[in-house]
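Enquirer: One file: entry12.txt (compact mmCIF, C-alpha atoms).
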```txt
# COMPACT_ATOMS: atom_id res chain seq x y z
CA MET A 1 115.45 131.60 129.24
CA SER A 2 114.52 132.17 132.82
CA GLY A 3 111.82 133.47 135.05
CA ASN A 4 114.13 135.97 136.78
CA GLY A 5 113.40 134.26 140.05
CA ARG A 6 109.98 135.88 140.08
CA ARG A 7 107.97 132.82 139.39
CA THR A 8 104.29 133.38 139.74
CA ARG A 9 101.65 130.69 139.94
CA PHE A 10 102.24 129.15 136.54
CA SER A 11 100.10 126.08 136.63
CA LYS A 12 96.76 125.30 138.16
CA ALA A 13 97.54 121.62 137.98
CA MET A 14 100.94 121.73 139.62
CA ASN A 15 102.03 124.22 142.24
CA ASP A 16 105.63 125.16 142.98
CA ALA A 17 106.03 122.65 145.75
CA ALA A 18 104.80 119.79 143.61
CA SER A 19 106.91 120.78 140.64
CA ARG A 20 110.06 120.74 142.77
CA THR A 21 109.69 117.05 143.41
CA ALA A 22 107.93 115.92 140.23
CA ALA A 23 109.71 114.12 137.41
CA TRP A 24 110.13 116.01 134.14
CA HIS A 25 107.44 113.96 132.42
CA GLU A 26 104.96 114.62 135.23
CA ILE A 27 105.57 118.34 134.84
CA VAL A 28 105.05 118.20 131.06
CA LEU A 29 101.83 116.22 131.45
CA ALA A 30 100.43 118.53 134.12
CA THR A 31 101.30 121.63 132.11
CA LEU A 32 99.66 120.25 128.95
CA LYS A 33 96.56 119.47 130.97
CA SER A 34 96.36 122.85 132.69
CA ASN A 35 96.52 124.45 129.23
CA ASP A 36 93.78 122.20 127.83
CA VAL A 37 96.10 120.49 125.35
CA ARG A 38 94.11 117.29 124.91
CA LEU A 39 95.66 115.75 121.81
CA VAL A 40 99.20 114.35 121.86
CA VAL A 41 100.44 112.53 118.76
CA TYR A 42 103.86 110.96 118.81
CA VAL A 43 106.42 108.94 116.97
CA PRO A 44 107.92 106.80 119.71
CA ASP A 45 111.16 107.66 121.47
CA ARG A 46 112.88 105.73 124.25
CA VAL A 47 113.53 108.80 126.40
CA PHE A 48 109.91 109.93 126.08
CA THR A 49 108.54 106.52 127.10
CA PRO A 50 107.49 107.51 130.63
CA LEU A 51 105.65 110.56 129.28
CA ILE A 52 103.96 108.51 126.57
CA GLU A 53 102.88 105.86 129.07
CA ALA A 54 101.52 108.49 131.44
CA LEU A 55 99.58 110.18 128.63
CA HIS A 56 98.03 106.86 127.63
CA ALA A 57 97.06 106.21 131.25
CA ASP A 58 95.25 109.55 131.60
CA ALA A 59 91.77 109.67 130.04
CA PHE A 60 92.03 113.44 129.70
CA PHE A 61 94.31 112.93 126.73
CA THR A 62 93.74 111.55 123.27
CA THR A 63 97.15 110.13 122.50
CA PHE A 64 98.39 107.79 119.80
CA ALA A 65 101.29 107.08 117.48
CA ALA A 66 101.49 108.41 113.94
CA THR A 67 103.62 106.68 111.33
CA ARG A 68 105.65 109.79 110.53
CA GLU A 69 106.28 113.09 112.27
CA GLU A 70 104.85 115.14 109.38
CA GLU A 71 101.69 113.05 109.57
CA ALA A 72 101.47 113.92 113.27
CA LEU A 73 101.84 117.61 112.42
CA GLY A 74 99.00 117.33 109.92
CA ILE A 75 96.76 115.69 112.52
CA VAL A 76 97.52 118.36 115.11
CA THR A 77 96.91 121.09 112.53
CA GLY A 78 93.50 119.69 111.67
CA ALA A 79 92.59 119.22 115.31
CA TRP A 80 93.50 122.80 116.17
CA MET A 81 91.39 124.11 113.31
CA GLY A 82 88.58 121.99 114.76
CA GLY A 83 89.03 123.50 118.20
CA MET A 84 91.30 120.98 119.93
CA ARG A 85 94.82 121.93 121.04
CA GLY A 86 97.55 119.45 120.21
CA ALA A 87 101.20 118.57 120.68
CA VAL A 88 103.62 116.35 118.79
CA LEU A 89 106.37 114.29 120.44
CA MET A 90 109.40 113.24 118.41
CA GLN A 91 113.12 112.77 118.61
CA THR A 92 115.78 114.82 116.88
CA SER A 93 115.95 112.67 113.76
CA GLY A 94 112.17 112.91 113.48
CA PHE A 95 112.39 116.67 113.51
CA ALA A 96 114.62 116.44 110.46
CA THR A 97 111.69 114.98 108.50
CA ILE A 98 109.27 117.89 109.05
CA PRO A 99 110.74 121.14 107.67
CA ASN A 100 108.46 121.03 104.62
CA ALA A 101 105.35 120.52 106.73
CA LEU A 102 106.43 123.44 108.91
CA ALA A 103 107.32 125.69 105.98
CA SER A 104 104.27 124.97 103.84
CA LEU A 105 101.55 124.31 106.41
CA VAL A 106 102.23 125.20 110.04
CA VAL A 107 104.05 128.51 109.54
CA PRO A 108 102.03 130.04 106.67
CA CYS A 109 98.70 128.94 108.17
CA GLN A 110 99.79 130.24 111.59
CA ILE A 111 99.14 127.01 113.47
CA PRO A 112 100.17 126.99 117.15
CA ALA A 113 101.55 123.47 117.04
CA LEU A 114 103.48 122.42 120.13
CA LEU A 115 106.55 120.35 119.28
CA PHE A 116 108.42 118.39 121.93
CA VAL A 117 111.77 117.06 120.75
CA SER A 118 113.77 114.52 122.73
CA GLU A 119 117.28 115.74 122.00
CA ARG A 120 119.60 113.11 120.60
CA GLY A 121 123.00 113.70 119.07
CA THR A 122 124.67 115.55 121.91
CA LEU A 123 126.06 115.05 125.44
CA GLY A 124 127.23 111.52 124.89
CA GLU A 125 125.74 110.44 121.60
CA PHE A 126 126.98 107.11 120.23
CA ASN A 127 125.33 107.26 116.78
CA LEU A 128 127.11 109.49 114.27
CA GLY A 129 123.92 109.95 112.25
CA GLN A 130 122.13 111.34 115.30
CA ALA A 131 125.05 113.66 116.02
CA VAL A 132 124.95 115.10 112.51
CA VAL A 133 121.19 115.51 112.33
CA CYS A 134 121.17 117.26 115.72
CA ARG A 135 123.31 120.05 114.25
CA THR A 136 120.63 120.78 111.63
CA MET A 137 117.75 121.31 114.06
CA ARG A 138 118.33 124.78 115.49
CA PRO A 139 119.47 126.35 112.19
CA VAL A 140 116.31 124.99 110.54
CA LEU A 141 114.12 126.40 113.32
CA ASP A 142 115.94 129.74 113.05
CA ALA A 143 115.47 129.80 109.27
CA LEU A 144 111.75 129.06 109.64
CA GLY A 145 111.29 131.64 112.38
CA VAL A 146 109.82 128.99 114.69
CA ALA A 147 110.47 129.72 118.37
CA TYR A 148 112.32 127.13 120.42
CA HIS A 149 113.55 126.65 123.93
CA THR A 150 116.17 124.18 125.03
CA VAL A 151 115.11 122.96 128.45
CA THR A 152 117.94 121.73 130.66
CA ARG A 153 116.57 122.34 134.17
CA ARG A 154 113.59 120.75 135.82
CA ASP A 155 112.90 123.85 137.95
CA GLU A 156 112.41 125.91 134.77
CA LEU A 157 110.42 123.35 132.82
CA ALA A 158 106.88 124.21 133.92
CA PHE A 159 107.45 127.94 133.53
CA ILE A 160 108.92 127.60 130.06
CA VAL A 161 106.30 125.17 128.78
CA ASP A 162 103.33 126.91 130.38
CA ARG A 163 104.25 130.41 129.24
CA SER A 164 105.26 129.24 125.79
CA ILE A 165 102.00 127.36 125.21
CA LYS A 166 100.09 130.49 126.18
CA GLN A 167 102.26 132.58 123.85
CA ALA A 168 101.81 130.09 121.01
CA MET A 169 98.04 130.22 121.31
CA ALA A 170 97.90 134.00 121.74
CA THR A 171 100.22 134.72 118.81
CA GLN A 172 99.15 131.78 116.60
CA ALA A 173 102.69 130.54 116.22
CA ALA A 174 104.27 127.14 116.73
CA VAL A 175 106.84 126.54 119.45
CA THR A 176 109.43 123.81 119.91
CA PHE A 177 110.61 122.45 123.23
CA ILE A 178 113.97 120.74 122.92
CA LEU A 179 114.28 118.55 125.99
CA SER A 180 117.99 118.17 126.69
CA PRO A 181 119.60 115.05 128.16
CA LEU A 182 120.42 117.35 131.08
CA LEU A 183 116.69 117.31 131.82
CA THR A 184 115.64 113.83 130.76
CA GLY A 185 118.81 111.84 131.32
CA GLY A 186 118.96 111.12 127.62
CA LYS A 187 119.91 107.76 126.21
CA ALA A 188 122.91 106.47 128.09
CA PHE A 189 125.55 104.10 126.78
CA THR A 190 128.88 102.74 127.84
CA ALA A 191 131.85 103.62 125.67
CA MET B 1 97.94 107.56 80.57
CA THR B 2 96.03 104.33 80.67
CA ALA B 3 94.57 102.60 83.62
CA PRO B 4 95.79 99.89 85.89
CA GLN B 5 94.34 96.46 85.28
CA ALA B 6 93.65 95.98 88.96
CA HIS B 7 90.11 97.30 88.75
CA ASN B 8 87.52 97.36 86.02
CA THR B 9 86.06 100.81 86.45
CA LYS B 10 84.99 103.61 84.16
CA MET B 11 87.45 106.45 83.65
CA MET B 12 85.73 109.56 84.95
CA ASN B 13 86.56 113.25 85.35
CA ARG B 14 87.66 114.83 88.63
CA PHE B 15 85.84 118.14 88.20
CA GLU B 16 82.59 116.40 87.29
CA LEU B 17 82.86 114.08 90.30
CA THR B 18 83.84 116.95 92.60
CA LYS B 19 80.68 118.80 91.61
CA ARG B 20 78.60 115.68 92.28
CA LEU B 21 80.30 115.35 95.66
CA THR B 22 79.83 118.93 96.83
CA ALA B 23 76.17 118.85 95.72
CA LYS B 24 75.61 116.24 98.42
CA LEU B 25 77.05 118.39 101.23
CA THR B 26 74.05 119.71 103.14
CA HIS B 27 75.20 119.56 106.75
CA GLU B 28 78.21 121.88 106.78
CA GLU B 29 80.56 118.96 106.28
CA ALA B 30 84.25 119.87 106.41
CA VAL B 31 86.23 119.12 103.24
CA ILE B 32 90.02 119.06 103.16
CA GLY B 33 91.33 119.44 99.62
CA GLY B 34 94.75 118.00 98.84
CA ILE B 35 97.52 119.86 97.06
CA GLY B 36 97.11 120.84 93.41
CA ASN B 37 94.31 119.56 91.23
CA SER B 38 92.22 118.09 94.07
CA ASN B 39 92.11 121.60 95.53
CA PHE B 40 91.69 123.40 92.25
CA ASP B 41 88.60 121.47 91.24
CA LEU B 42 87.18 121.76 94.76
CA TRP B 43 87.63 125.53 94.58
CA MET B 44 86.03 125.71 91.13
CA SER B 45 83.09 123.53 92.19
CA GLY B 46 81.91 126.39 94.40
CA GLN B 47 83.71 127.89 97.36
CA ARG B 48 82.51 126.85 100.78
CA ALA B 49 83.83 128.22 104.05
CA GLN B 50 83.96 124.64 105.32
CA ASN B 51 86.55 123.78 102.64
CA PHE B 52 90.20 123.87 103.68
CA TYR B 53 92.44 124.27 100.64
CA MET B 54 95.84 122.83 101.51
CA LEU B 55 98.46 124.86 99.68
CA GLY B 56 101.60 122.83 100.38
CA SER B 57 102.58 119.88 102.54
CA MET B 58 101.90 117.24 99.87
CA GLY B 59 100.36 114.12 101.38
CA LEU B 60 98.87 115.71 104.50
CA ALA B 61 95.23 116.19 103.44
CA ILE B 62 94.18 112.93 105.11
CA PRO B 63 96.06 113.60 108.38
CA ILE B 64 94.55 117.10 108.54
CA ALA B 65 91.09 115.64 107.96
CA LEU B 66 91.72 113.07 110.68
CA GLY B 67 92.58 115.87 113.09
CA VAL B 68 89.39 117.78 112.27
CA ALA B 69 87.39 114.56 112.64
CA LEU B 70 88.88 113.87 116.08
CA ALA B 71 88.22 117.44 117.24
CA GLN B 72 84.63 117.53 115.95
CA PRO B 73 83.19 114.01 116.13
CA GLN B 74 79.67 115.26 115.36
CA ARG B 75 80.70 116.73 112.00
CA ARG B 76 81.31 114.70 108.84
CA VAL B 77 84.77 115.29 107.40
CA VAL B 78 85.90 114.49 103.86
CA ALA B 79 89.47 114.37 102.56
CA LEU B 80 90.11 114.71 98.82
CA GLU B 81 93.50 113.39 97.77
CA GLY B 82 95.34 112.34 94.62
CA ASP B 83 97.12 109.06 94.00
CA GLY B 84 100.57 110.64 93.99
CA SER B 85 99.91 112.43 97.26
CA LEU B 86 98.56 109.32 98.95
CA LEU B 87 101.53 107.26 97.80
CA MET B 88 103.72 109.79 99.61
CA GLN B 89 101.97 109.21 102.94
CA LEU B 90 100.55 105.66 102.88
CA GLY B 91 101.09 105.25 106.61
CA CYS B 92 98.24 107.64 107.31
CA LEU B 93 95.79 104.95 106.14
CA ALA B 94 96.98 102.69 108.95
CA THR B 95 96.59 105.52 111.45
CA VAL B 96 93.05 106.28 110.23
CA ALA B 97 92.12 102.60 110.49
CA GLU B 98 93.55 102.34 113.98
CA ARG B 99 91.77 105.49 115.21
CA ALA B 100 88.61 104.52 113.26
CA PRO B 101 86.83 107.89 113.31
CA GLN B 102 83.21 107.24 112.39
CA ASN B 103 82.86 110.64 110.74
CA LEU B 104 85.76 110.50 108.24
CA THR B 105 85.55 109.73 104.52
CA ILE B 106 88.53 109.68 102.17
CA VAL B 107 88.09 110.23 98.43
CA ILE B 108 90.99 109.35 96.14
CA TRP B 109 91.28 110.74 92.61
CA ASP B 110 93.47 108.22 90.79
CA ASN B 111 94.69 109.30 87.36
CA GLY B 112 97.86 107.23 87.50
CA ILE B 113 100.00 110.32 86.89
CA TYR B 114 101.65 113.22 88.62
CA GLN B 115 99.55 115.40 86.33
CA ILE B 116 100.66 118.78 87.55
CA THR B 117 104.39 118.15 87.20
CA GLY B 118 104.29 116.82 83.65
CA ALA B 119 102.18 113.67 83.77
CA GLN B 120 104.89 111.30 84.92
CA PRO B 121 103.32 107.91 85.78
CA THR B 122 102.66 106.98 89.39
CA ALA B 123 102.89 103.43 90.67
CA THR B 124 99.10 103.11 90.36
CA ALA B 125 99.46 103.29 86.56
CA ALA B 126 101.10 99.89 86.55
CA THR B 127 100.90 97.96 89.77
CA ALA B 128 99.61 99.60 92.95
CA ASP B 129 95.92 99.32 93.86
CA LEU B 130 95.05 101.99 96.41
CA VAL B 131 91.79 100.37 97.48
CA ALA B 132 93.59 97.10 98.18
CA ILE B 133 96.22 99.06 100.12
CA ALA B 134 93.54 100.85 102.14
CA ARG B 135 91.80 97.57 102.94
CA GLY B 136 95.13 96.08 103.90
CA ALA B 137 95.74 99.04 106.19
CA GLY B 138 92.48 98.21 107.93
CA ILE B 139 89.91 100.52 106.32
CA ALA B 140 87.37 97.81 105.53
CA LYS B 141 84.91 100.16 103.84
CA SER B 142 87.15 100.90 100.86
CA ALA B 143 85.80 100.64 97.33
CA TRP B 144 86.37 101.64 93.73
CA ALA B 145 83.58 103.66 92.16
CA ALA B 146 82.53 101.80 89.02
CA ASP B 147 80.95 104.87 87.38
CA GLU B 148 79.38 108.21 88.29
CA GLU B 149 76.19 106.69 89.68
CA ASP B 150 78.20 104.28 91.77
CA PHE B 151 80.29 107.18 93.06
CA ASP B 152 77.10 109.00 94.08
CA ARG B 153 75.85 105.88 95.84
CA LEU B 154 79.13 105.24 97.66
CA PHE B 155 79.48 108.86 98.76
CA ALA B 156 75.90 109.03 100.02
CA MET B 157 76.54 105.87 102.02
CA ALA B 158 79.77 107.34 103.37
CA LEU B 159 77.94 110.42 104.64
CA SER B 160 75.24 108.40 106.40
CA ASP B 161 77.02 105.25 107.63
CA ASP B 162 79.68 104.91 110.28
CA GLY B 163 83.17 105.35 108.89
CA PRO B 164 85.95 105.50 108.26
CA SER B 165 85.47 104.86 104.57
CA LEU B 166 87.47 105.33 101.40
CA ILE B 167 86.21 105.79 97.84
CA ALA B 168 88.61 105.70 94.92
CA ALA B 169 87.72 106.95 91.47
CA ARG B 170 89.70 106.33 88.32
CA ILE B 171 89.91 109.66 86.54
CA ASP B 172 91.30 111.02 83.30
CA GLY B 173 94.48 113.05 82.95
CA GLU B 174 92.79 116.46 82.70
CA PRO B 175 94.24 119.27 84.82
CA GLY B 176 92.12 121.17 87.32
CA VAL B 177 89.77 123.66 85.71
CA GLY B 178 91.04 126.64 87.72
CA THR B 179 93.22 127.54 90.67
CA THR B 180 92.60 128.52 94.27
CA ASP B 181 93.43 131.83 95.87
CA ARG B 182 96.64 131.43 97.81
CA ASP B 183 96.09 133.18 101.11
CA PRO B 184 96.64 130.52 103.76
CA VAL B 185 95.78 132.70 106.76
CA GLN B 186 92.48 133.77 105.24
CA ILE B 187 91.61 130.22 104.19
CA ARG B 188 92.44 128.89 107.64
CA ALA B 189 90.56 131.64 109.52
CA ARG B 190 87.45 131.28 107.35
CA PHE B 191 87.55 127.50 107.77
CA MET B 192 87.78 127.76 111.57
CA GLN B 193 84.98 130.30 111.81
CA SER B 194 82.75 128.11 109.68
CA LEU B 195 83.44 125.21 112.05
CA GLY B 196 82.35 127.34 114.98
CA VAL B 197 85.81 127.55 116.46
CA THR B 198 86.75 130.69 118.33
CA ARG B 199 90.23 130.99 119.61
```
Here is the file; what I need is its structure written in the form of structure tokens.
Expert:
Amino acid sequence: MSGNGRRTRFSKAMNDAASRTAAWHEIVLATLKSNDVRLVVYVPDRVFTPLIEALHADAFFTTFAATREEEALGIVTGAWMGGMRGAVLMQTSGFATIPNALASLVVPCQIPALLFVSERGTLGEFNLGQAVVCRTMRPVLDALGVAYHTVTRRDELAFIVDRSIKQAMATQAAVTFILSPLLTGGKAFTA
Amino acid sequence: MTAPQAHNTKMMNRFELTKRLTAKLTHEEAVIGGIGNSNFDLWMSGQRAQNFYMLGSMGLAIPIALGVALAQPQRRVVALEGDGSLLMQLGCLATVAERAPQNLTIVIWDNGIYQITGAQPTATAATADLVAIARGAGIAKSAWAADEEDFDRLFAMALSDDGPSLIAARIDGEPGVGTTDRDPVQIRARFMQSLGVTR
């Protein structure tokens, strides 16, 4: 996944110069905003906390917690059918709870849901359960035919998210952004 | 399957109540029908473009309705859901209460069984009271319909007053009287067009 070094102006809200110095969560927020994604429903995640706090602080967004990830997918599906674009934030283990909602609602109804997954279970995971569930995520997405991008570099983040949101809306297909610890720092621990 | 003791209400029929409900829809209200019999009787009560017939994703009718209600605050939105489906996704009641959309009404058909899979009893057949659960979740305007006239009254109030509200009806164990078409893309596209949404 790359822009071949030919990055064009990919975001009205954040130009190249700004995105070089912005934090990952600032880039995600700006890219959601420039694509008119107003609804962000999440199940909390430690790594996503700065993004969640920034979304709450910005009146442009309607953002709140759902009790389960599949509930959040249902909300975003309904909102999109009502004319409001939406994204869901979750962590890897949360993704493992939604394959049925993807297979029986989002994929067959062609809903361009935007899924942001904070990647746990790799690059220094301390919880065996997280490590196992992480290995199920990409095979499930492959089996469902849902596009995904693993984002590891801040300089590619805006391009990937911006272009993929536009593709999702144009092709009526969901997309998943797996935000690697290489991008976010992940959840650190001392062995 | 007999009724829970938690509420002294008449046992009614889902198809009859669904027809009474849709007869009151005069302002292009959106209706989200839950999986299985809730959908089937909605379909058979007369197809409306503003009906979204959920074909899978058991338990998500209320979250979908919440999403529509958030996106279109000027439009009334109704979710139709069964007791088994709601028991699968009880947390959504807390989310609805916390968001408090004024334009959302939830209708629960409670037959105390998973009718479509062989009439196995749900927890509402013995112990769980879904109206008490909804009130506990924070949806203050939650009520059992005592009989058909009471259902009409409650639903008319729900369409005119500020929500969110929840109406539960104790129903018999009859299956749906028909089945929906199963073309999710067509159902979704028709629903969106009827809501005035252009991509």
Enquirer: Here is a test: counting all atoms listed in the file, which residue of A:Arg68, A:Lys33, A:Lys187, A:Arg163 is nearest to chain B?
Expert: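 Among the listed residues, A:Arg68 lies closest to chain B.
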Enquirer: Find the residues in chain B near chain A: any atom within 9 Å counts, using only C-alpha atoms. Write them as a ChimeraX atom specification.
Expert: /B:54-72,89,91-92,94-95,99,183-189,191-192,195-199
Enquirer: Compare B:Arg75, B:Lys10, B:Arg135, B:Arg190 by their minimum atom-to-atom distance to B:Val96, counting all atoms listed in the file, and give me the closest one.
Expert: B:Arg135
Enquirer: Which residues, written as a list in words, have at least one atom at most 7 Å from stretch 25-37 of chain B, with only C-alpha atoms counted and residues fewer than 2 positions away on the same chain left out?
Expert: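 Answer for this query is Thr22, Ala23, Asn39, Phe40, Asp41, Leu42, Gln50, Asn51, Phe52, Tyr53, Met54, Leu55, Gly56, Met58, Ala61, Ala65, Arg75, Arg76, Val77, Val78, Ala79, Leu80, Glu81, Pro175 and Gly176 of chain B.
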Enquirer: Using all atoms listed in the file, which protein or nucleic acid residues come within 9 Å of A:Met137? Drop anything in the same chain fewer than 2 positions from it, and give the result as a PDB file with C-alpha atoms, in the frame of the given file.
Expert:
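Saved file selection_2.pdb follows:
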```pdb
ATOM      1  CA  THR A  92     115.780 114.820 116.880  1.00  0.00           C
ATOM      2  CA  SER A  93     115.950 112.670 113.760  1.00  0.00           C
ATOM      3  CA  PHE A  95     112.390 116.670 113.510  1.00  0.00           C
ATOM      4  CA  ALA A  96     114.620 116.440 110.460  1.00  0.00           C
ATOM      5  CA  VAL A 133     121.190 115.510 112.330  1.00  0.00           C
ATOM      6  CA  CYS A 134     121.170 117.260 115.720  1.00  0.00           C
ATOM      7  CA  ARG A 135     123.310 120.050 114.250  1.00  0.00           C
ATOM      8  CA  PRO A 139     119.470 126.350 112.190  1.00  0.00           C
ATOM      9  CA  VAL A 140     116.310 124.990 110.540  1.00  0.00           C
ATOM     10  CA  LEU A 141     114.120 126.400 113.320  1.00  0.00           C
ATOM     11  CA  ASP A 142     115.940 129.740 113.050  1.00  0.00           C
TER      12      ASP A 142
END
```
